[in-house]
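Participant: Got data32.cif for you, mmCIF, C-alpha atoms:
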data_run
#
loop_
_atom_site.group_PDB
_atom_site.id
_atom_site.type_symbol
_atom_site.label_atom_id
_atom_site.label_comp_id
_atom_site.auth_asym_id
_atom_site.auth_seq_id
_atom_site.Cartn_x
_atom_site.Cartn_y
_atom_site.Cartn_z
ATOM 1 C CA MET Q 160 107.346 133.887 -12.234
ATOM 2 C CA ASN Q 161 110.045 132.804 -14.661
ATOM 3 C CA HIS Q 162 111.759 129.520 -14.037
ATOM 4 C CA TYR Q 163 114.970 129.080 -15.872
ATOM 5 C CA TYR Q 164 116.743 125.765 -16.212
ATOM 6 C CA TRP Q 165 119.970 126.964 -14.604
ATOM 7 C CA ASN Q 166 118.266 128.480 -11.601
ATOM 8 C CA ASP Q 167 116.089 125.472 -10.894
ATOM 9 C CA TRP Q 168 118.708 122.719 -11.105
ATOM 10 C CA TYR Q 169 122.251 123.957 -10.890
ATOM 11 C CA LEU Q 170 122.195 126.888 -8.485
ATOM 12 C CA GLY Q 171 119.756 125.311 -6.047
ATOM 13 C CA TRP Q 172 119.727 121.816 -4.579
ATOM 14 C CA GLY Q 173 119.413 120.124 -7.987
ATOM 15 C CA TRP Q 174 123.172 119.560 -8.206
ATOM 16 C CA PHE Q 175 122.847 117.318 -5.173
ATOM 17 C CA LEU Q 176 120.399 115.097 -7.068
ATOM 18 C CA TRP Q 177 122.782 114.736 -10.010
ATOM 19 C CA PHE Q 178 125.681 114.034 -7.676
ATOM 20 C CA GLY Q 179 123.641 111.168 -6.183
ATOM 21 C CA VAL Q 180 122.783 109.787 -9.624
ATOM 22 C CA PHE Q 181 126.412 109.791 -10.716
ATOM 23 C CA PHE Q 182 127.485 108.247 -7.428
ATOM 24 C CA LEU Q 183 124.997 105.393 -7.897
ATOM 25 C CA ILE Q 184 126.163 104.796 -11.465
ATOM 26 C CA PHE Q 185 129.835 104.686 -10.494
ATOM 27 C CA SER Q 186 129.180 102.442 -7.502
ATOM 28 C CA ALA Q 187 127.119 100.070 -9.668
ATOM 29 C CA PHE Q 188 129.979 99.766 -12.164
ATOM 30 C CA GLY Q 189 132.438 99.234 -9.334
ATOM 31 C CA ASN Q 190 130.299 96.511 -7.819
ATOM 32 C CA TRP Q 191 129.882 94.838 -11.210
ATOM 33 C CA GLY Q 192 133.637 94.899 -11.810
ATOM 34 C CA TYR Q 193 134.399 93.433 -8.403
ATOM 35 C CA THR Q 194 131.896 90.587 -8.709
ATOM 36 C CA TYR Q 195 132.968 89.870 -12.300
ATOM 37 C CA ARG Q 196 136.610 89.462 -11.229
ATOM 38 C CA ALA Q 197 135.637 87.365 -8.211
ATOM 39 C CA HIS Q 198 133.557 84.973 -10.311
ATOM 40 C CA GLN Q 199 136.251 84.692 -12.960
ATOM 41 C CA LYS Q 200 138.707 83.660 -10.260
ATOM 42 C CA TYR Q 201 136.580 80.757 -9.044
ATOM 43 C CA GLU Q 202 135.018 79.685 -12.337
ATOM 44 C CA SER Q 203 138.385 79.285 -14.037
ATOM 45 C CA GLN Q 204 139.269 76.367 -11.764
ATOM 46 C CA PRO Q 205 137.718 73.134 -13.033
ATOM 47 C CA GLN Q 206 135.699 71.129 -10.536
ATOM 48 C CA LYS Q 207 136.706 67.530 -9.925
ATOM 49 C CA GLY Q 208 134.103 64.841 -10.269
ATOM 50 C CA ALA Q 209 133.861 61.598 -8.336
ATOM 51 C CA LEU Q 210 135.493 59.605 -11.151
ATOM 52 C CA ASP Q 211 138.426 62.011 -11.300
ATOM 53 C CA ILE Q 212 139.025 61.591 -7.575
ATOM 54 C CA LEU Q 213 138.809 57.806 -7.897
ATOM 55 C CA ASN Q 214 141.323 57.795 -10.738
ATOM 56 C CA GLU Q 215 143.705 59.953 -8.707
ATOM 57 C CA ARG Q 216 143.407 57.611 -5.723
ATOM 58 C CA TYR Q 217 144.113 54.648 -8.005
ATOM 59 C CA ALA Q 218 147.130 56.420 -9.501
ATOM 60 C CA ARG Q 219 148.527 57.123 -6.016
ATOM 61 C CA GLY Q 220 148.052 53.465 -5.079
ATOM 62 C CA GLU Q 221 145.503 54.061 -2.346
ATOM 63 C CA ILE Q 222 143.048 51.596 -3.901
ATOM 64 C CA ASN Q 223 143.559 48.563 -6.113
ATOM 65 C CA ARG Q 224 141.939 47.709 -9.449
ATOM 66 C CA GLU Q 225 139.083 45.671 -7.945
ATOM 67 C CA GLU Q 226 138.137 48.447 -5.527
ATOM 68 C CA LEU Q 227 138.282 50.965 -8.370
ATOM 69 C CA GLY Q 228 135.909 48.844 -10.453
ATOM 70 C CA GLN Q 229 133.485 48.399 -7.572
ATOM 71 C CA MET Q 230 133.430 52.088 -6.757
ATOM 72 C CA LYS Q 231 132.920 53.057 -10.391
ATOM 73 C CA THR Q 232 129.911 50.737 -10.697
ATOM 74 C CA GLU Q 233 128.435 52.171 -7.478
ATOM 75 C CA ILE Q 234 128.838 55.712 -8.830
ATOM 76 C CA ALA Q 235 127.295 54.705 -12.166
ATOM 77 C CA LYS Q 236 124.212 53.314 -10.357
ATOM 78 C CA LYS Q 237 123.469 56.711 -8.769
#
Let me see whether you can do it: turn the structure in this file into structure tokens.

Facilitator:
Amino acid sequence: MNHYYWNDWYLGWGWFLWFGVFFLIFSAFGNWGYTYRAHQKYESQPQKGALDILNERYARGEINREELGQMKTEIAKK
């Protein structure tokens, strides 16, 4: 019984296996590209710290200088 490469893989059900492999590779690259773009979108925005928020509140006039100093010392203790 002679088994030739073309008869075993490409004229039988072997093409279905290769189709599945290529589908998995393309879907993996698509998933990687989607998650890469999604993370770039959220990582590019800097996160505000507690001191930044306090300084913004002081700049808007919501708190005075004494309150700012007290809050900064409380944050520094933690």

Participant: Could you give me the centre and size, in Å to one decimal, of an axis-aligned box around all listed atoms of segment 207-210 of chain Q with 4 Å added on every side, as AutoDock Vina command-line options?

Facilitator:
--center_x 135.3 --center_y 63.6 --center_z -9.7 --size_x 10.8 --size_y 15.9 --size_z 10.8

Participant: For atom CA of Leu210 of chain Q and atom CA of Ala235 of chain Q, quote the distance in Å rounded to one decimal.

Facilitator: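 According to the coordinates, atom CA of Leu210 of chain Q and atom CA of Ala235 of chain Q are separated by 9.6 Å.
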
Participant: What does the structure give for the distance between atom CA of Lys231 of chain Q and atom CA of Ala218 of chain Q, in Å to one decimal?

Facilitator: 14.6 Å

Participant: Would you mind reading off the distance between atom CA of Glu221 of chain Q and atom CA of Ala209 of chain Q, one decimal, in Å?

Facilitator: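 Interatomic distance, atom CA of Glu221 of chain Q to atom CA of Ala209 of chain Q: 15.1 Å.
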
Participant: The PyMOL selection byres ((chain Q and resi 213) around 12) - which residues does that actually catch in the file I just gave you? List them as a list in words.

Facilitator: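 When the PyMOL selection byres ((chain Q and resi 213) around 12) is applied to the shown file, the picked residues are Lys207, Gly208, Ala209, Leu210, Asp211, Ile212, Asn214, Glu215, Arg216, Tyr217, Ala218, Arg219, Gly220, Glu221, Ile222, Asn223, Arg224, Glu226, Leu227, Gly228, Gln229, Met230, Lys231, Thr232, Glu233 and Ile234 of chain Q.
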